[in-house]
file structure26.txt (compact mmCIF, C-alpha atoms)
# COMPACT_ATOMS: atom_id res chain seq x y z
CA MET A 1 0.00 0.00 0.00
CA ASN A 2 1.37 3.35 -1.04
CA HIS A 3 0.73 5.57 1.97
CA LYS A 4 2.18 8.67 0.38
CA LEU A 5 -0.22 8.29 -2.52
CA LYS A 6 -3.17 8.10 -0.14
CA ASP A 7 -2.08 11.37 1.46
CA ILE A 8 -1.70 13.03 -1.92
CA ILE A 9 -5.23 11.99 -2.90
CA GLU A 10 -6.51 13.34 0.41
CA ALA A 11 -4.82 16.66 -0.33
CA LEU A 12 -6.31 16.83 -3.83
CA ILE A 13 -9.84 16.16 -2.62
CA PHE A 14 -9.35 18.63 0.21
CA ILE A 15 -8.34 21.51 -2.03
CA SER A 16 -11.11 21.02 -4.58
CA THR A 17 -14.43 22.81 -4.33
CA GLU A 18 -16.03 20.42 -6.82
CA PRO A 19 -16.20 16.65 -6.66
CA VAL A 20 -12.91 15.15 -7.82
CA THR A 21 -13.59 12.39 -10.33
CA PRO A 22 -11.24 9.40 -10.49
CA GLU A 23 -10.29 10.47 -14.03
CA ARG A 24 -9.31 13.94 -12.89
CA MET A 25 -7.38 12.43 -10.02
CA LYS A 26 -5.50 10.07 -12.29
CA SER A 27 -4.61 12.78 -14.77
CA SER A 28 -2.85 14.63 -11.93
CA LEU A 29 -1.29 11.43 -10.65
CA GLU A 30 -0.06 10.01 -13.92
CA ASP A 31 3.25 9.04 -12.30
CA PHE A 32 1.43 6.35 -10.35
CA PRO A 33 -0.13 3.21 -11.78
CA ALA A 34 -3.90 3.53 -12.04
CA GLU A 35 -4.55 0.46 -9.88
CA GLU A 36 -2.46 1.93 -7.09
CA VAL A 37 -4.48 5.13 -7.22
CA ASP A 38 -7.71 3.13 -7.02
CA MET A 39 -6.41 1.15 -4.05
CA ALA A 40 -5.16 4.21 -2.22
CA LEU A 41 -8.46 5.97 -2.84
CA ALA A 42 -10.44 2.99 -1.55
CA ASP A 43 -8.27 2.95 1.56
CA LEU A 44 -8.76 6.67 2.10
CA LEU A 45 -12.52 6.34 1.72
CA GLN A 46 -12.55 3.54 4.25
CA ASN A 47 -10.63 5.68 6.74
CA TYR A 48 -13.18 8.43 6.50
CA ALA A 49 -16.12 6.05 6.51
CA SER A 50 -15.24 5.05 10.06
CA GLY A 51 -17.22 8.06 11.25
CA GLU A 52 -14.61 9.15 13.77
CA ARG A 53 -14.15 12.57 12.32
CA GLY A 54 -16.12 15.75 11.85
CA ILE A 55 -15.72 15.57 8.12
CA HIS A 56 -16.23 12.78 5.66
CA ILE A 57 -15.86 12.20 1.95
CA ILE A 58 -19.11 12.19 0.04
CA GLN A 59 -19.59 10.80 -3.41
CA ALA A 60 -21.59 13.07 -5.69
CA GLY A 61 -21.52 14.15 -9.30
CA GLY A 62 -19.35 11.13 -10.09
CA GLY A 63 -16.54 12.32 -7.82
CA TYR A 64 -15.40 12.78 -4.25
CA LEU A 65 -15.80 15.80 -2.04
CA PHE A 66 -14.97 16.64 1.54
CA ALA A 67 -17.98 17.71 3.57
CA THR A 68 -18.95 18.06 7.19
CA ARG A 69 -20.90 15.14 8.61
CA PRO A 70 -24.67 15.63 8.66
CA GLU A 71 -24.93 15.22 12.44
CA PHE A 72 -22.95 18.43 12.86
CA ASP A 73 -25.24 20.43 10.60
CA ALA A 74 -26.62 22.48 13.48
CA TRP A 75 -23.15 23.38 14.73
CA VAL A 76 -21.94 24.38 11.30
CA ARG A 77 -24.95 26.58 10.78
CA LYS A 78 -24.48 28.21 14.15
CA PHE A 79 -20.84 28.82 13.36
CA LEU A 80 -21.58 30.24 9.91
CA GLN A 81 -24.59 32.12 11.32
CA ILE A 82 -26.91 30.64 8.74
CA GLU A 83 -30.35 30.37 10.26
CA ARG A 84 -32.22 29.15 7.28
CA LYS A 85 -30.95 27.16 4.37
CA THR A 86 -31.94 28.16 0.88
CA ARG A 87 -33.71 25.35 -0.84
CA LEU A 88 -35.11 25.24 -4.31
CA SER A 89 -38.62 26.61 -4.67
CA GLN A 90 -41.37 24.11 -5.45
CA ALA A 91 -41.66 25.52 -8.97
CA SER A 92 -37.91 25.16 -9.51
CA LEU A 93 -37.84 21.64 -8.14
CA GLU A 94 -40.76 20.55 -10.31
CA THR A 95 -39.25 22.09 -13.42
CA LEU A 96 -35.88 20.57 -12.65
CA THR A 97 -37.47 17.14 -12.20
CA ILE A 98 -39.11 17.43 -15.61
CA VAL A 99 -35.81 18.43 -17.24
CA ALA A 100 -34.07 15.53 -15.50
CA TYR A 101 -36.54 12.91 -16.71
CA HIS A 102 -37.39 14.31 -20.13
CA GLN A 103 -34.07 15.73 -21.26
CA PRO A 104 -33.32 17.10 -23.75
CA VAL A 105 -36.52 19.07 -23.44
CA THR A 106 -37.88 22.43 -24.60
CA SER A 107 -39.49 25.19 -22.59
CA VAL A 108 -42.86 24.58 -24.27
CA GLU A 109 -42.77 20.87 -23.41
CA ILE A 110 -41.96 21.66 -19.79
CA SER A 111 -44.75 24.22 -19.55
CA ALA A 112 -47.20 21.72 -21.03
CA LEU A 113 -46.23 19.06 -18.51
CA ARG A 114 -46.58 21.45 -15.59
CA GLY A 115 -49.62 23.23 -16.97
CA VAL A 116 -47.86 26.46 -16.04
CA ASP A 117 -45.61 28.79 -17.97
CA SER A 118 -42.07 27.89 -16.92
CA THR A 119 -39.97 30.47 -18.72
CA TYR A 120 -39.01 32.38 -15.60
CA THR A 121 -38.25 29.24 -13.60
CA LEU A 122 -36.00 27.99 -16.38
CA LYS A 123 -34.14 31.26 -16.26
CA THR A 124 -33.44 30.99 -12.55
CA LEU A 125 -32.34 27.36 -12.97
CA LEU A 126 -29.96 28.44 -15.73
CA GLU A 127 -28.57 31.14 -13.45
CA LYS A 128 -28.02 28.56 -10.75
CA LYS A 129 -26.24 26.41 -13.35
CA LEU A 130 -28.46 23.45 -12.52
CA ILE A 131 -29.52 23.20 -16.16
CA LYS A 132 -27.85 24.17 -19.41
CA ILE A 133 -28.81 24.83 -23.00
CA VAL A 134 -27.57 22.04 -25.25
CA GLY A 135 -28.84 23.15 -28.61
CA ARG A 136 -32.01 23.68 -30.57
CA LYS A 137 -34.73 21.25 -31.46
CA LYS A 138 -35.31 20.62 -35.13
CA ALA A 139 -38.93 21.70 -34.91
CA PRO A 140 -40.87 24.82 -35.88
CA GLY A 141 -39.27 27.82 -34.24
CA ASN A 142 -36.13 25.85 -33.38
CA PRO A 143 -36.75 26.03 -29.63
CA LEU A 144 -33.86 25.73 -27.17
CA LEU A 145 -33.20 22.34 -25.61
CA TYR A 146 -32.33 22.00 -21.93
CA ARG A 147 -30.40 19.39 -19.97
CA THR A 148 -29.34 19.03 -16.38
CA THR A 149 -25.72 19.79 -15.44
CA GLU A 150 -23.03 18.11 -13.35
CA LYS A 151 -23.88 20.64 -10.67
CA PHE A 152 -27.43 19.29 -10.63
CA LEU A 153 -26.08 15.83 -9.77
CA THR A 154 -23.78 17.23 -7.09
CA TYR A 155 -26.57 19.35 -5.63
CA PHE A 156 -28.76 16.31 -5.01
CA GLY A 157 -25.87 14.01 -4.11
CA LEU A 158 -26.39 11.90 -7.22
CA ASN A 159 -23.57 10.38 -9.26
CA SER A 160 -25.36 9.94 -12.54
CA LEU A 161 -28.80 10.32 -14.03
CA GLU A 162 -29.29 6.62 -13.44
CA GLU A 163 -29.52 7.41 -9.73
CA LEU A 164 -32.63 9.53 -10.23
CA PRO A 165 -35.64 8.13 -8.34
CA SER A 166 -36.63 4.98 -10.22
CA GLU A 167 -40.02 4.04 -11.59
CA GLN A 168 -40.48 1.65 -8.65
CA GLU A 169 -39.64 4.31 -6.07
CA ILE A 170 -42.14 6.66 -7.68
CA SER A 171 -44.90 4.03 -7.84
CA LYS A 172 -44.23 3.16 -4.21
CA ILE A 173 -44.77 6.77 -3.17
CA LEU A 174 -47.95 7.01 -5.22
CA GLU A 175 -49.31 3.79 -3.70
CA GLU A 176 -48.51 4.99 -0.19
CA LYS A 177 -50.46 8.14 -0.90
CA ASN A 178 -53.43 6.17 -2.13
CA ILE A 179 -53.43 4.03 1.01
CA GLU A 180 -53.27 7.16 3.15
CA GLN A 181 -56.24 8.43 1.28
CA GLU A 182 -58.27 5.28 1.84
CA ILE A 183 -57.63 5.43 5.59
CA MET B 1 -33.29 33.27 -2.20
CA ASP B 2 -36.48 32.53 -4.03
CA SER B 3 -39.56 34.28 -2.86
CA GLU B 4 -41.49 31.10 -3.56
CA ASN B 5 -39.30 29.23 -1.19
CA ALA B 6 -41.95 28.24 1.30
CA ALA B 7 -42.65 24.53 1.46
CA PRO B 8 -45.75 23.49 -0.43
CA ILE B 9 -48.76 23.11 1.77
CA ILE B 10 -50.67 20.14 0.48
CA PRO B 11 -53.91 20.07 2.39
CA PRO B 12 -54.75 16.63 3.74
CA ALA B 13 -57.36 14.67 1.86
CA GLU B 14 -60.03 14.96 4.56
CA VAL B 15 -60.29 18.72 4.33
CA PRO B 16 -63.89 19.83 4.96
CA ASP B 17 -65.61 21.59 2.10
CA THR B 18 -65.69 24.87 3.96
CA TYR B 19 -61.91 24.92 4.12
CA GLN B 20 -60.62 28.01 2.40
CA VAL B 21 -57.84 27.17 0.02
CA LYS B 22 -55.90 29.79 -1.78
CA LEU B 23 -55.00 29.17 -5.39
CA GLY B 24 -51.47 30.30 -4.69
CA ILE B 25 -50.58 27.13 -2.82
CA PHE B 26 -51.09 25.07 -5.95
CA GLU B 27 -48.24 24.88 -8.37
CA GLY B 28 -50.68 25.01 -11.26
CA PRO B 29 -54.03 23.77 -12.55
CA LEU B 30 -52.83 20.15 -12.66
CA ASP B 31 -51.83 20.39 -9.03
CA LEU B 32 -55.28 21.70 -8.11
CA LEU B 33 -56.99 19.01 -10.17
CA LEU B 34 -54.97 16.27 -8.50
CA PHE B 35 -55.88 17.71 -5.12
CA LEU B 36 -59.60 17.68 -6.00
CA ILE B 37 -59.40 14.14 -7.38
CA LYS B 38 -57.80 12.99 -4.15
CA LYS B 39 -60.27 14.92 -2.03
CA LYS B 40 -63.24 13.39 -3.81
CA GLN B 41 -61.52 10.00 -3.89
CA ILE B 42 -62.06 9.81 -7.60
CA ASP B 43 -60.42 7.21 -9.79
CA ILE B 44 -58.03 9.16 -11.94
CA HIS B 45 -58.72 6.87 -14.91
CA ASP B 46 -62.44 7.52 -14.79
CA ILE B 47 -62.95 11.14 -13.86
CA PRO B 48 -66.55 12.37 -13.67
CA ILE B 49 -65.85 15.57 -15.58
CA ALA B 50 -69.01 17.38 -14.48
CA VAL B 51 -68.26 16.83 -10.79
CA ILE B 52 -64.65 17.79 -11.02
CA THR B 53 -65.36 20.83 -13.18
CA ARG B 54 -67.91 22.11 -10.67
CA GLU B 55 -65.41 21.66 -7.84
CA TYR B 56 -62.67 23.25 -9.87
CA LEU B 57 -64.75 26.31 -10.73
CA GLU B 58 -65.72 26.70 -7.09
CA TYR B 59 -62.08 27.12 -6.22
CA LEU B 60 -61.66 29.74 -8.89
CA GLU B 61 -64.76 31.58 -7.70
CA ARG B 62 -63.43 31.77 -4.19
CA LYS B 63 -60.87 34.08 -5.53
CA GLU B 64 -62.28 37.55 -5.96
CA GLN B 65 -59.84 38.52 -8.61
CA ILE B 66 -57.80 36.34 -10.87
CA ASN B 67 -54.41 37.67 -11.75
CA LEU B 68 -54.26 36.75 -15.41
CA ASP B 69 -50.48 36.85 -15.53
CA ARG B 70 -50.07 34.41 -12.71
CA GLU B 71 -53.29 32.46 -12.77
CA GLY B 72 -54.39 32.51 -16.38
CA GLU B 73 -53.45 28.84 -16.61
CA PHE B 74 -56.14 27.98 -14.09
CA LEU B 75 -58.76 29.56 -16.33
CA LEU B 76 -57.34 27.78 -19.35
CA MET B 77 -57.80 24.47 -17.56
CA ALA B 78 -61.38 25.38 -16.67
CA ALA B 79 -62.10 26.01 -20.33
CA TYR B 80 -60.44 22.72 -21.21
CA LEU B 81 -62.57 20.81 -18.70
CA ILE B 82 -65.74 22.31 -20.13
CA TYR B 83 -64.54 21.45 -23.61
CA ILE B 84 -64.04 17.82 -22.57
CA LYS B 85 -67.50 17.73 -21.05
CA SER B 86 -69.02 19.10 -24.25
CA GLN B 87 -67.18 16.45 -26.24
CA MET B 88 -68.62 13.78 -24.02
CA LEU B 89 -72.12 15.11 -24.37
CA LEU B 90 -72.04 14.99 -28.13
CA PRO B 91 -74.31 12.25 -29.42
CA ARG B 92 -72.40 9.54 -31.25
CA GLU B 93 -73.51 6.85 -33.60
CA GLN B 94 -71.22 4.25 -32.11
CA PRO B 95 -70.32 3.89 -28.46
CA LEU B 96 -66.94 5.39 -27.57
CA ILE B 97 -63.96 3.11 -27.60
CA GLU B 98 -61.41 3.84 -24.90
CA ALA B 99 -58.83 5.36 -27.22
CA GLU B 100 -61.33 8.04 -28.22
CA ASP B 101 -62.26 9.05 -24.71
CA PRO B 102 -61.95 12.85 -24.69
CA ARG B 103 -60.60 12.59 -21.15
CA ARG B 104 -57.65 10.50 -22.24
CA ALA B 105 -55.21 13.33 -22.91
CA LEU B 106 -56.07 14.93 -19.58
CA VAL B 107 -55.64 11.66 -17.70
CA GLU B 108 -52.25 11.15 -19.29
CA ARG B 109 -51.16 14.63 -18.31
CA LEU B 110 -52.41 14.11 -14.78
CA LEU B 111 -50.63 10.77 -14.43
CA GLU B 112 -47.37 12.19 -15.72
CA TYR B 113 -47.70 15.23 -13.48
CA GLN B 114 -48.36 12.96 -10.53
CA ARG B 115 -45.19 11.04 -11.28
CA ILE B 116 -43.19 14.26 -11.59
CA LYS B 117 -44.55 15.42 -8.26
CA ALA B 118 -43.63 12.13 -6.59
CA ALA B 119 -40.15 12.21 -8.10
CA SER B 120 -39.61 15.80 -7.02
CA GLY B 121 -40.69 14.77 -3.53
CA ILE B 122 -37.90 12.20 -3.45
CA LEU B 123 -35.45 14.75 -4.84
CA ARG B 124 -36.54 17.17 -2.13
CA GLU B 125 -35.50 14.62 0.49
CA LYS B 126 -32.19 14.13 -1.27
CA GLU B 127 -31.69 17.87 -1.34
CA GLU B 128 -32.38 17.99 2.38
CA GLU B 129 -29.89 15.22 3.11
CA ARG B 130 -27.26 16.72 0.87
CA LEU B 131 -27.62 20.18 2.39
CA GLN B 132 -26.65 18.79 5.76
CA ASN B 133 -23.21 18.06 4.37
CA TRP B 134 -21.41 21.34 4.15
CA SER B 135 -18.57 21.76 1.75
CA ARG B 136 -16.14 24.57 1.53
CA SER B 137 -17.02 26.82 -1.34
CA PHE B 138 -14.15 29.26 -1.44
CA ARG B 139 -11.56 28.72 -4.06
CA PRO B 140 -7.89 28.52 -3.27
CA PRO B 141 -6.15 31.66 -4.43
CA LEU B 142 -5.58 31.43 -8.14
CA PRO B 143 -2.80 33.24 -9.93
CA GLU B 144 -4.09 36.71 -10.64
CA ALA B 145 -4.42 38.16 -14.08
CA GLU B 146 -1.38 40.16 -15.04
CA GLU B 147 -1.54 43.67 -13.74
CA ILE B 148 -0.52 46.63 -15.82
CA GLU B 149 2.99 47.44 -14.75
CA ILE B 150 2.95 50.93 -13.40
CA MET B 151 6.20 52.56 -12.55
CA GLU B 152 6.93 55.91 -11.10
CA VAL B 153 9.45 57.70 -13.24
CA SER B 154 12.40 59.78 -12.26
CA LEU B 155 13.42 63.20 -13.52
CA PHE B 156 15.80 61.53 -15.93
CA ASP B 157 13.00 59.60 -17.56
CA LEU B 158 11.12 62.83 -17.97
CA ALA B 159 14.13 64.44 -19.56
CA GLU B 160 14.48 61.46 -21.88
CA CYS B 161 10.88 61.88 -22.84
CA PHE B 162 11.41 65.51 -23.56
CA PHE B 163 14.34 64.85 -25.87
CA GLN B 164 12.23 62.37 -27.76
CA LEU B 165 9.69 65.06 -28.28
CA ILE B 166 12.24 67.59 -29.42
CA LYS B 167 13.51 65.05 -31.90
CA ARG B 168 10.04 64.56 -33.20
CA ARG B 169 9.59 68.26 -33.56
CA GLY B 170 13.00 68.61 -35.14
CA SER B 171 11.62 67.59 -38.48
CA GLU B 172 9.32 70.57 -38.42
CA ASP B 173 10.45 73.82 -39.81
CA PHE B 174 10.85 76.24 -36.95
CA LYS B 175 10.79 79.94 -37.34
CA VAL B 176 12.08 81.99 -34.52
CA LEU B 177 9.39 84.32 -33.41
CA LYS B 178 9.60 86.69 -30.63
CA GLY B 179 6.64 85.58 -28.63
CA LYS B 180 5.41 86.71 -25.35
CA GLU B 181 7.50 85.77 -22.45
CA ILE B 182 6.03 83.18 -20.18
CA SER B 183 7.05 83.02 -16.60
CA LEU B 184 7.50 79.74 -14.75
CA GLU B 185 4.89 80.83 -12.22
CA GLU B 186 2.26 81.47 -14.86
CA LYS B 187 2.93 78.20 -16.59
CA MET B 188 2.90 76.28 -13.36
CA LYS B 189 -0.45 77.76 -12.51
CA GLU B 190 -1.72 76.82 -15.94
CA ILE B 191 -0.55 73.25 -15.57
CA LEU B 192 -2.13 72.97 -12.15
CA ASP B 193 -5.37 74.36 -13.54
CA VAL B 194 -5.34 71.75 -16.27
CA LEU B 195 -4.67 69.09 -13.67
CA GLU B 196 -7.54 70.36 -11.57
CA GLY B 197 -9.88 69.98 -14.50
CA ASN B 198 -8.58 66.62 -15.67
CA ASP B 199 -7.49 63.46 -13.98
CA TYR B 200 -4.05 63.57 -15.49
CA ILE B 201 -1.95 65.12 -18.20
CA ASP B 202 -0.48 63.13 -20.99
CA PHE B 203 3.00 64.59 -20.81
CA LEU B 204 4.02 64.14 -24.44
CA GLU B 205 0.71 65.41 -25.70
CA TYR B 206 0.83 68.43 -23.46
CA LEU B 207 4.27 69.43 -24.60
CA GLY B 208 3.33 68.81 -28.19
CA ASN B 209 0.43 71.20 -27.86
CA GLN B 210 2.58 74.08 -26.77
CA GLU B 211 2.75 76.85 -29.29
CA THR B 212 6.42 77.52 -29.28
CA LEU B 213 9.47 75.64 -28.34
CA GLY B 214 10.09 78.23 -25.68
CA GLU B 215 6.74 77.62 -24.16
CA ALA B 216 7.26 73.88 -24.32
CA LEU B 217 10.58 74.33 -22.58
CA VAL B 218 9.01 76.40 -19.87
CA SER B 219 6.28 73.78 -19.45
CA PHE B 220 8.88 71.11 -19.16
CA PHE B 221 10.76 72.98 -16.47
CA CYS B 222 7.50 73.55 -14.68
CA LEU B 223 6.77 69.87 -14.67
CA LEU B 224 10.23 69.08 -13.43
CA GLU B 225 9.75 71.62 -10.70
CA LEU B 226 6.36 70.22 -9.75
CA VAL B 227 7.71 66.67 -9.65
CA LYS B 228 10.64 67.78 -7.56
CA ASN B 229 8.39 69.53 -5.09
CA LYS B 230 6.15 66.48 -5.02
CA VAL B 231 3.13 68.49 -6.07
CA VAL B 232 2.48 66.05 -8.87
CA TYR B 233 3.70 62.60 -9.65
CA ALA B 234 4.61 61.20 -13.00
CA VAL B 235 3.70 57.65 -13.90
CA GLN B 236 4.59 55.54 -16.87
CA GLU B 237 2.35 52.56 -17.59
CA SER B 238 5.16 50.66 -19.19
CA LEU B 239 8.49 51.33 -20.76
CA PHE B 240 8.49 53.60 -23.81
CA HIS B 241 4.94 54.70 -23.18
CA THR B 242 3.98 58.26 -22.62
CA ILE B 243 4.30 59.63 -19.12
CA LYS B 244 1.20 60.63 -17.27
CA VAL B 245 1.24 63.39 -14.72
CA TRP B 246 -1.14 63.25 -11.77
CA LEU B 247 -1.82 65.75 -9.08
CA ARG B 248 -0.62 64.63 -5.69
CA ARG B 249 -3.70 65.67 -3.79
CA GLU B 250 -2.25 64.88 -0.43
CA ALA B 251 0.80 67.02 -1.12
CA PRO B 252 1.43 69.56 1.61
CA HIS B 253 2.98 72.09 -0.77
CA PHE B 254 0.05 71.98 -3.05
CA LYS B 255 -1.58 75.17 -1.78
CA GLU B 256 1.69 77.02 -1.37
CA SER B 257 2.87 76.24 -4.86
CA ARG B 258 -0.16 77.84 -6.28

call {"tool": "encode", "arguments": {"input": "structure26.txt", "output": "structure tokens"}}
result
Amino acid sequence: MNHKLKDIIEALIFISTEPVTPERMKSSLEDFPAEEVDMALADLLQNYASGERGIHIIQAGGGYLFATRPEFDAWVRKFLQIERKTRLSQASLETLTIVAYHQPVTSVEISALRGVDSTYTLKTLLEKKLIKIVGRKKAPGNPLLYRTTEKFLTYFGLNSLEELPSEQEISKILEEKNIEQEI
Amino acid sequence: MDSENAAPIIPPAEVPDTYQVKLGIFEGPLDLLLFLIKKKQIDIHDIPIAVITREYLEYLERKEQINLDREGEFLLMAAYLIYIKSQMLLPREQPLIEAEDPRRALVERLLEYQRIKAASGILREKEEERLQNWSRSFRPPLPEAEEIEIMEVSLFDLAECFFQLIKRRGSEDFKVLKGKEISLEEKMKEILDVLEGNDYIDFLEYLGNQETLGEALVSFFCLLELVKNKVVYAVQESLFHTIKVWLRREAPHFKESR
């Protein structure tokens, strides 16, 4: 086991403000064999998974990122003097969900699915870099096509679009709601 | 950040009919429809359009004024529901087959919207979990973009600049004219006046604008004098550029020199 390599990887993840993907890591560590990097990384992850520290390494957006552990949320907020966290508005979340599942998708298609004009919401999502424009649809008017970004994955702690709530998870929620209703 | 940040209030299914619900809490007409369907315990695949339309319109009527910009979609849906009802009332020669049910498109939209809502509920939980993990967001200091090199110039640089100018003027044909005599004091006052009115003087340009060589010479001596007394400072943005002259506002001699 290459202990120095493990420390280097720790340093790289530490200094990054975005998830460090294994590819990115390896391109900076080209002097080391790829398998050694993988092993050192696995070892590092295991160290932090022990839960003995205030910080841990989370996996999001297909990479690794240092973050404080959730149980210390209240302390962190007190320290940073953040009383209330900013979450996405319901409109934003709904629109984002539609983009995630129907991408690439146009503004008109999104508005039709929501039954509400979504132009403004799309704008705020673009500003937050949670979605991006990927081109134009070959349809009358050549409307813009939207997709979710890497930042979207990181924001929700997902690693790829495959980790979006599955059809089964969704049906389960809907069934639960129906049962609630019958009671 | 968003003004619409408040969590959605989905009234429980057993809300009594007298319960006042504001349109604003619904994300849109589909949201309201789903709420009514749930409240009436209606099978989404077999919606009694008349019942649901009546309910739907009641909600709209509770609102004294409809803001067309924000709530026009609710009215559009009302019109759509009535349209569906009218389609269903039309007499037909053959009984409807399922694929022709005028409600079909609406049901499909409702089902898809319901799925989106469920999925966004799961994503909301993920957001919540993720937001409890705080990451640092500041960037390590990155190398800064190259700054313009600004150097303060000495008297010798100024002199060098002056000779350059004289050389440039050398090609011109000078006639010796007996002009008015300009005193250093007058010229200095003039320069300071110009400096008062402008941010800085482009040294080469200023000298070039002088009428006679004599006047230019006097100006030059004035500038040297002002630099020496620290009334102004001369700055060159980079080598071989023109020299800019700025007023040293904090200079103690400033008032006296005038």

call {"tool": "atom_distance", "arguments": {"input": "structure26.txt", "atom1": "atom CA of B:Ile116", "atom2": "atom CA of A:Ile58"}}
result
26.8 Å

call {"tool": "closest_atom_pairs", "arguments": {"input": "structure26.txt", "of": "chain A", "to": "chain B", "cutoff": "7 Å", "atoms": "all atoms listed in the file", "output": "Markdown table"}}
result
| residue | atom | partner | partner_atom | distance |
| --- | --- | --- | --- | --- |
| A:Thr17 | CA | B:Ser137 | CA | 5.6 |
| A:Phe66 | CA | B:Ser135 | CA | 6.3 |
| A:Ala67 | CA | B:Ser135 | CA | 4.5 |
| A:Thr68 | CA | B:Trp134 | CA | 5.1 |
| A:Arg69 | CA | B:Asn133 | CA | 5.6 |
| A:Pro70 | CA | B:Gln132 | CA | 4.7 |
| A:Asp73 | CA | B:Gln132 | CA | 5.3 |
| A:Thr86 | CA | B:Met1 | CA | 6.1 |
| A:Arg87 | CA | B:Asn5 | CA | 6.8 |
| A:Leu88 | CA | B:Asn5 | CA | 6.6 |
| A:Ser89 | CA | B:Asn5 | CA | 4.4 |
| A:Gln90 | CA | B:Pro8 | CA | 6.7 |
| A:Ala91 | CA | B:Glu27 | CA | 6.6 |
| A:Leu93 | CA | B:Ser120 | CA | 6.2 |
| A:Glu94 | CA | B:Ser120 | CA | 5.9 |
| A:Thr97 | CA | B:Ser120 | CA | 5.8 |
| A:Ile98 | CA | B:Ile116 | CA | 6.5 |
| A:Leu113 | CA | B:Tyr113 | CA | 6.5 |
| A:Arg114 | CA | B:Tyr113 | CA | 6.7 |
| A:Gly115 | CA | B:Gly28 | CA | 6.1 |
| A:Val116 | CA | B:Gly28 | CA | 5.7 |
| A:Tyr155 | CA | B:Glu127 | CA | 6.8 |
| A:Phe156 | CA | B:Glu127 | CA | 4.9 |
| A:Gly157 | CA | B:Arg130 | CA | 5.8 |
| A:Pro165 | CA | B:Ala119 | CA | 6.1 |
| A:Ile170 | CA | B:Ala118 | CA | 5.8 |
| A:Ile173 | CA | B:Ala118 | CA | 6.5 |
| A:Leu174 | CA | B:Ala118 | CA | 6.8 |
| A:Gln181 | CA | B:Ala13 | CA | 6.4 |

call {"tool": "write_last_selection", "arguments": {"input": "structure26.txt", "atoms": "C-alpha atoms", "output": "PDB file, keeping the file's coordinate frame"}}
result
ATOM      1  CA  THR A  17     -14.430  22.810  -4.330  1.00  0.00           C
ATOM      2  CA  PHE A  66     -14.970  16.640   1.540  1.00  0.00           C
ATOM      3  CA  ALA A  67     -17.980  17.710   3.570  1.00  0.00           C
ATOM      4  CA  THR A  68     -18.950  18.060   7.190  1.00  0.00           C
ATOM      5  CA  ARG A  69     -20.900  15.140   8.610  1.00  0.00           C
ATOM      6  CA  PRO A  70     -24.670  15.630   8.660  1.00  0.00           C
ATOM      7  CA  ASP A  73     -25.240  20.430  10.600  1.00  0.00           C
ATOM      8  CA  THR A  86     -31.940  28.160   0.880  1.00  0.00           C
ATOM      9  CA  ARG A  87     -33.710  25.350  -0.840  1.00  0.00           C
ATOM     10  CA  LEU A  88     -35.110  25.240  -4.310  1.00  0.00           C
ATOM     11  CA  SER A  89     -38.620  26.610  -4.670  1.00  0.00           C
ATOM     12  CA  GLN A  90     -41.370  24.110  -5.450  1.00  0.00           C
ATOM     13  CA  ALA A  91     -41.660  25.520  -8.970  1.00  0.00           C
ATOM     14  CA  LEU A  93     -37.840  21.640  -8.140  1.00  0.00           C
ATOM     15  CA  GLU A  94     -40.760  20.550 -10.310  1.00  0.00           C
ATOM     16  CA  THR A  97     -37.470  17.140 -12.200  1.00  0.00           C
ATOM     17  CA  ILE A  98     -39.110  17.430 -15.610  1.00  0.00           C
ATOM     18  CA  LEU A 113     -46.230  19.060 -18.510  1.00  0.00           C
ATOM     19  CA  ARG A 114     -46.580  21.450 -15.590  1.00  0.00           C
ATOM     20  CA  GLY A 115     -49.620  23.230 -16.970  1.00  0.00           C
ATOM     21  CA  VAL A 116     -47.860  26.460 -16.040  1.00  0.00           C
ATOM     22  CA  TYR A 155     -26.570  19.350  -5.630  1.00  0.00           C
ATOM     23  CA  PHE A 156     -28.760  16.310  -5.010  1.00  0.00           C
ATOM     24  CA  GLY A 157     -25.870  14.010  -4.110  1.00  0.00           C
ATOM     25  CA  PRO A 165     -35.640   8.130  -8.340  1.00  0.00           C
ATOM     26  CA  ILE A 170     -42.140   6.660  -7.680  1.00  0.00           C
ATOM     27  CA  ILE A 173     -44.770   6.770  -3.170  1.00  0.00           C
ATOM     28  CA  LEU A 174     -47.950   7.010  -5.220  1.00  0.00           C
ATOM     29  CA  GLN A 181     -56.240   8.430   1.280  1.00  0.00           C
TER      30      GLN A 181
END

call {"tool": "axis_aligned_box", "arguments": {"input": "structure26.txt", "around": "stretch 205-216 of chain B", "padding_each_side": "8 Å", "output": "lines of an AutoDock Vina configuration file"}}
result
center_x = 5.3
center_y = 71.8
center_z = -26.4
size_x = 25.7
size_y = 28.8
size_z = 21.8

call {"tool": "atom_distance", "arguments": {"input": "structure26.txt", "atom1": "atom CA of A:Val108", "atom2": "atom CA of B:Leu75"}}
result
18.5 Å

call {"tool": "closest_residue", "arguments": {"input": "structure26.txt", "among": "A:Lys172, A:Glu109, A:Lys129, A:Glu167", "to": "A:Pro143", "atoms": "only C-alpha atoms"}}
result
A:Glu109
